[in-house]
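Data block for final.cif (mmCIF, C-alpha atoms):
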```cif
data_start
#
loop_
_atom_site.label_atom_id
_atom_site.label_comp_id
_atom_site.auth_asym_id
_atom_site.auth_seq_id
_atom_site.Cartn_x
_atom_site.Cartn_y
_atom_site.Cartn_z
CA MET A 7 -19.94 -19.20 36.64
CA LYS A 8 -18.60 -21.05 33.56
CA LYS A 9 -21.27 -19.46 31.35
CA ILE A 10 -20.36 -15.98 32.55
CA PHE A 11 -16.66 -16.64 31.99
CA PHE A 12 -17.34 -18.10 28.53
CA THR A 13 -19.58 -15.13 27.56
CA PHE A 14 -16.96 -12.66 28.82
CA PHE A 15 -14.24 -14.53 26.89
CA VAL A 16 -16.27 -14.47 23.65
CA ILE A 17 -16.96 -10.73 24.02
CA ILE A 18 -13.26 -10.03 24.55
CA LEU A 19 -12.37 -12.07 21.44
CA LEU A 20 -14.92 -10.24 19.31
CA PHE A 21 -13.74 -6.78 20.29
CA SER A 22 -10.00 -7.44 20.43
CA GLY A 23 -9.67 -8.06 16.68
CA GLY A 24 -8.86 -4.43 16.05
CA CYS A 25 -7.60 -2.95 12.84
CA TYR A 26 -4.02 -4.18 12.78
CA ASP A 27 -4.01 -4.51 8.98
CA ALA A 28 -6.12 -1.47 8.11
CA ASN A 29 -4.77 1.03 5.61
CA GLU A 30 -5.12 4.73 6.24
CA PRO A 31 -6.20 6.72 3.16
CA ASN A 32 -3.14 8.95 3.58
CA ASN A 33 -0.89 5.91 3.12
CA ILE A 34 -2.48 4.69 -0.11
CA ALA A 35 -1.67 5.68 -3.69
CA TYR A 36 -4.69 5.15 -5.94
CA VAL A 37 -3.83 3.75 -9.37
CA VAL A 38 -6.08 5.53 -11.88
CA ALA A 39 -4.83 3.91 -15.10
CA LEU A 40 -2.52 1.04 -15.91
CA GLY A 41 -0.61 0.61 -19.15
CA ILE A 42 0.96 -2.64 -20.33
CA ASP A 43 3.66 -2.82 -23.02
CA LYS A 44 5.96 -5.54 -24.35
CA THR A 45 9.69 -5.37 -23.73
CA GLU A 46 12.65 -6.92 -25.51
CA GLU A 47 12.91 -9.53 -22.75
CA GLU A 48 10.71 -12.61 -22.96
CA ASN A 49 7.82 -12.74 -20.42
CA ILE A 50 8.71 -9.30 -19.07
CA TYR A 51 6.26 -6.44 -19.48
CA GLU A 52 6.61 -2.72 -18.90
CA TYR A 53 3.85 -1.47 -16.62
CA THR A 54 2.99 2.21 -16.67
CA ILE A 55 1.23 3.09 -13.44
CA GLN A 56 -0.65 6.37 -13.49
CA PHE A 57 -1.74 7.32 -9.99
CA ALA A 58 -3.63 10.24 -8.52
CA LYS A 59 -1.98 12.88 -6.38
CA THR A 60 -4.79 13.04 -3.85
CA THR A 61 -3.52 16.22 -2.23
CA GLN A 62 -3.69 18.00 -5.59
CA ILE A 63 -7.20 16.77 -6.35
CA SER A 64 -8.73 17.89 -3.09
CA GLY A 65 -6.60 20.97 -2.69
CA GLY A 66 -4.57 19.46 0.12
CA SER A 67 -4.45 21.52 3.26
CA SER A 68 -5.12 24.76 1.42
CA GLU A 69 -8.53 26.15 0.62
CA GLU A 70 -7.71 26.80 -3.03
CA GLY A 71 -9.42 23.67 -4.30
CA GLY A 72 -7.96 21.06 -6.62
CA LYS A 73 -5.61 21.54 -9.50
CA GLU A 74 -5.96 20.18 -13.02
CA GLY A 75 -3.94 18.79 -15.87
CA SER A 76 -0.52 17.30 -15.26
CA ASN A 77 -0.60 18.39 -11.61
CA ILE A 78 -3.12 15.76 -10.57
CA VAL A 79 -1.49 12.57 -11.85
CA GLU A 80 1.96 11.03 -11.69
CA VAL A 81 3.35 8.18 -13.77
CA ILE A 82 5.79 5.43 -12.76
CA ASN A 83 7.20 2.81 -15.14
CA VAL A 84 8.44 -0.60 -14.00
CA LYS A 85 9.45 -3.78 -15.80
CA ALA A 86 8.24 -7.03 -14.29
CA PRO A 87 6.84 -10.44 -15.30
CA THR A 88 3.42 -9.88 -13.64
CA ILE A 89 1.31 -6.96 -12.54
CA TYR A 90 1.67 -7.98 -8.89
CA SER A 91 5.45 -7.93 -9.00
CA GLY A 92 5.27 -4.64 -10.92
CA ILE A 93 3.08 -3.07 -8.22
CA ASN A 94 5.44 -4.36 -5.51
CA MET A 95 8.42 -2.84 -7.34
CA ALA A 96 6.58 0.47 -7.74
CA ASN A 97 5.73 0.46 -4.02
CA GLN A 98 9.46 0.68 -3.33
CA SER A 99 9.77 3.99 -5.17
CA VAL A 100 6.97 5.92 -3.48
CA SER A 101 6.14 6.47 0.17
CA LYS A 102 2.62 5.07 -0.23
CA THR A 103 1.16 1.68 -1.08
CA PHE A 104 -0.48 1.27 -4.48
CA THR A 105 -3.98 -0.10 -4.72
CA LEU A 106 -5.88 -1.08 -7.86
CA ALA A 107 -9.28 -0.69 -6.16
CA HIS A 108 -10.06 2.61 -7.92
CA THR A 109 -8.45 1.88 -11.28
CA LYS A 110 -10.63 3.11 -14.14
CA LEU A 111 -8.60 2.20 -17.23
CA ILE A 112 -6.30 -0.56 -18.45
CA VAL A 113 -4.45 0.26 -21.67
CA ILE A 114 -2.54 -2.39 -23.59
CA SER A 115 -0.22 -1.77 -26.49
CA GLU A 116 -1.09 -2.75 -30.02
CA ASP A 117 1.72 -5.37 -30.00
CA ILE A 118 0.23 -7.14 -27.00
CA ALA A 119 -3.28 -7.02 -28.44
CA ARG A 120 -2.09 -8.66 -31.66
CA GLY A 121 -0.16 -11.35 -29.80
CA GLY A 122 -2.94 -12.36 -27.40
CA VAL A 123 -4.00 -11.16 -23.98
CA ARG A 124 -5.26 -14.28 -22.23
CA ASP A 125 -2.40 -14.57 -19.75
CA ILE A 126 -2.68 -10.90 -18.77
CA PHE A 127 -6.44 -10.87 -18.29
CA ASP A 128 -6.53 -14.17 -16.42
CA THR A 129 -4.43 -12.41 -13.79
CA PHE A 130 -6.90 -9.53 -13.57
CA GLY A 131 -9.81 -11.94 -13.22
CA ARG A 132 -8.29 -13.41 -10.06
CA ASN A 133 -7.63 -10.16 -8.19
CA SER A 134 -10.27 -9.00 -5.72
CA ASP A 135 -8.96 -5.40 -5.84
CA ILE A 136 -9.68 -5.03 -9.54
CA ARG A 137 -13.27 -4.07 -10.21
CA PRO A 138 -15.14 -5.60 -13.14
CA ASP A 139 -16.19 -2.20 -14.54
CA ILE A 140 -12.68 -1.06 -15.51
CA TYR A 141 -12.51 0.28 -19.05
CA LEU A 142 -10.18 -1.44 -21.51
CA SER A 143 -8.37 0.22 -24.36
CA VAL A 144 -5.78 -0.64 -26.99
CA ALA A 145 -3.26 2.11 -27.69
CA ARG A 146 -1.83 2.80 -31.09
CA GLY A 147 1.83 2.43 -30.38
CA THR A 148 2.61 2.02 -26.70
CA ALA A 149 0.41 2.28 -23.63
CA LYS A 150 3.17 4.32 -21.98
CA ASP A 151 2.96 7.01 -24.67
CA TYR A 152 -0.80 7.13 -24.35
CA LEU A 153 -0.79 7.55 -20.56
CA ASP A 154 2.03 10.09 -20.71
CA ALA A 155 -0.06 12.16 -23.13
CA VAL A 156 -3.20 12.17 -20.97
CA LYS A 157 -3.50 15.54 -19.25
CA PRO A 158 -7.05 16.17 -17.99
CA ILE A 159 -7.68 19.86 -18.64
CA ALA A 160 -11.17 20.59 -17.38
CA GLU A 161 -11.52 17.77 -14.87
CA VAL A 162 -9.99 17.84 -11.41
CA ASN A 163 -10.52 14.16 -10.64
CA PRO A 164 -8.70 11.77 -13.05
CA VAL A 165 -11.11 8.91 -12.27
CA THR A 166 -14.02 11.10 -13.39
CA TYR A 167 -12.05 12.11 -16.48
CA TYR A 168 -11.67 8.49 -17.63
CA ARG A 169 -15.25 7.65 -16.75
CA LEU A 170 -16.55 10.57 -18.83
CA ILE A 171 -14.33 9.72 -21.81
CA TYR A 172 -14.98 5.98 -21.92
CA GLN A 173 -18.58 5.90 -20.75
CA SER A 174 -19.89 8.31 -23.35
CA GLU A 175 -22.90 6.97 -25.22
CA HIS A 176 -22.75 9.81 -27.75
CA GLY A 177 -19.25 9.45 -29.17
CA GLY A 178 -18.27 6.89 -31.72
CA TYR A 179 -14.51 7.25 -31.33
CA VAL A 180 -14.11 5.26 -28.11
CA PRO A 181 -15.99 1.95 -27.98
CA ARG A 182 -17.24 1.08 -24.51
CA THR A 183 -15.46 -2.06 -23.32
CA VAL A 184 -15.24 -3.09 -19.68
CA LEU A 185 -13.18 -5.84 -18.08
CA ARG A 186 -16.20 -7.91 -17.04
CA ASP A 187 -17.58 -8.15 -20.58
CA PHE A 188 -14.19 -8.80 -22.14
CA TYR A 189 -13.28 -11.47 -19.61
CA PHE A 190 -16.55 -13.39 -20.07
CA GLN A 191 -16.36 -13.17 -23.86
CA LEU A 192 -12.73 -14.28 -23.98
CA ASP A 193 -13.83 -17.91 -24.10
CA GLY A 194 -17.27 -17.34 -25.58
CA GLU A 195 -18.13 -18.64 -29.00
CA GLU A 196 -20.50 -15.80 -29.85
CA LYS A 197 -17.73 -13.17 -30.03
CA GLN A 198 -14.28 -13.42 -31.51
CA SER A 199 -11.49 -12.84 -28.99
#
```

Conversion result in structure tokens:
Amino acid sequence: MKKIFFTFFVIILLFSGGCYDANEPNNIAYVVALGIDKTEEENIYEYTIQFAKTTQISGGSSEEGGKEGSNIVEVINVKAPTIYSGINMANQSVSKTFTLAHTKLIVISEDIARGGVRDIFDTFGRNSDIRPDIYLSVARGTAKDYLDAVKPIAEVNPVTYYRLIYQSEHGGYVPRTVLRDFYFQLDGEEKQS
């Protein structure tokens, strides 16, 4: 009798876990690109969060298909000491929760690149949402200006747009740099950081 009760108890525990902390896709805002700029305040950065309007990419409830250009992405700017606090602040201004799981590009300003990026990229190395194959770029001027200027014309999906631009083996204008390689070479002696 005790074995039956114990087996029944274990089965109930296994199946009662449920999905209490699951996120519905309709409640998530997918960050496509992230820009990081310096501010006048010490240890405060301006984060430019470019996220996809998923209803515009897929066509929403209509059968027209997706849109293109400025209709598929939205940009939010926040000032915060860390990316996590910046994302939390940005979550307060939209009705969805931001996730970095599908981020394809991190752009840093020229000022930050010249001053050192170790503290910023150490944070990215510790986040399980951030994938190691994110493309890295340094913007001439500010990252905010760069992301504001990006308007995919022929591509409906902004993630595909960044992948096609930064993954190209045939163009010499955009060097292919991903977070994984940069992070491992940050302390390496074979490459200059």

Please compute the CA of Lys44 in chain A-CA of Ala155 in chain A distance, one decimal, in Å.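 Interatomic distance, CA of Lys44 in chain A to CA of Ala155 in chain A: 18.7 Å.
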
For a test of reading the model, state the distance in Å between CA of Ser101 in chain A and CA of Thr45 in chain A, rounded to one decimal.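 One can read the CA of Ser101 in chain A to CA of Thr45 in chain A distance as 26.9 Å.
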
9 Å contact set for Ile118 in chain A, all atoms listed in the file, chain neighbours under 6 positions out, as a list of chain:residue names: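 Residues meeting the cut-off are A:Ile42, A:Asp43, A:Lys44, A:Val144.
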
Would you save the residues of that selection, restricted to C-alpha atoms, as a PDB file, in the coordinates of the input?
```pdb
ATOM      1  CA  ILE A  42       0.960  -2.640 -20.330  1.00  0.00           C
ATOM      2  CA  ASP A  43       3.660  -2.820 -23.020  1.00  0.00           C
ATOM      3  CA  LYS A  44       5.960  -5.540 -24.350  1.00  0.00           C
ATOM      4  CA  VAL A 144      -5.780  -0.640 -26.990  1.00  0.00           C
TER       5      VAL A 144
END
```

I'd like the interatomic distance between CA of Thr109 in chain A and CA of Val123 in chain A, to a tenth of an Å. 18.7 Å

Which residues are close to Asn49 in chain A, i.e. within 7 Å by only C-alpha atoms, leaving aside same-chain residues fewer than 2 positions away? Reply as a list in words.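 Counting only C-alpha atoms, the residues come to Glu47, Tyr51 and Pro87 of chain A.
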
Run the PyMOL selection byres ((chain A and resi 104) around 7) mentally over the shown coordinates, then write out the matched residues as a PyMOL selection string, using the chain letters and numbers from the document. chain A and resi 34-37+93+97+102-103+105-106

Take the residues just selected and output them with C-alpha atoms as a PDB file, keeping the file's coordinate frame.
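What ended up in part06.pdb:
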```pdb
ATOM      1  CA  ILE A  34      -2.480   4.690  -0.110  1.00  0.00           C
ATOM      2  CA  ALA A  35      -1.670   5.680  -3.690  1.00  0.00           C
ATOM      3  CA  TYR A  36      -4.690   5.150  -5.940  1.00  0.00           C
ATOM      4  CA  VAL A  37      -3.830   3.750  -9.370  1.00  0.00           C
ATOM      5  CA  ILE A  93       3.080  -3.070  -8.220  1.00  0.00           C
ATOM      6  CA  ASN A  97       5.730   0.460  -4.020  1.00  0.00           C
ATOM      7  CA  LYS A 102       2.620   5.070  -0.230  1.00  0.00           C
ATOM      8  CA  THR A 103       1.160   1.680  -1.080  1.00  0.00           C
ATOM      9  CA  THR A 105      -3.980  -0.100  -4.720  1.00  0.00           C
ATOM     10  CA  LEU A 106      -5.880  -1.080  -7.860  1.00  0.00           C
TER      11      LEU A 106
END
```

With all atoms listed in the file as the counted atoms, please give the residues lying no more than 12 Å from Tyr90 in chain A, apart from itself and same-chain residues fewer than 2 positions off, as a ChimeraX atom specification. /A:51,53,55,84-88,92-97,104-106,126,129-130,132-133,135-136

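The residues caught by the PyMOL selection byres ((chain A and resi 116) around 8) in this file are Ile114, Ser115, Asp117, Ile118, Ala119, Arg120, Val144, Ala145, Arg146, Gly147 and Thr148 of chain A.
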
Write the residues you've just listed into a file as a tab-separated table (two decimals), keeping the file's coordinate frame, and include C-alpha atoms for each of them.
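Final output, saved to again-v2.tsv:
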```
chain	number	residue	atom	x	y	z
A	114	ILE	CA	-2.54	-2.39	-23.59
A	115	SER	CA	-0.22	-1.77	-26.49
A	117	ASP	CA	1.72	-5.37	-30.00
A	118	ILE	CA	0.23	-7.14	-27.00
A	119	ALA	CA	-3.28	-7.02	-28.44
A	120	ARG	CA	-2.09	-8.66	-31.66
A	144	VAL	CA	-5.78	-0.64	-26.99
A	145	ALA	CA	-3.26	2.11	-27.69
A	146	ARG	CA	-1.83	2.80	-31.09
A	147	GLY	CA	1.83	2.43	-30.38
A	148	THR	CA	2.61	2.02	-26.70
```
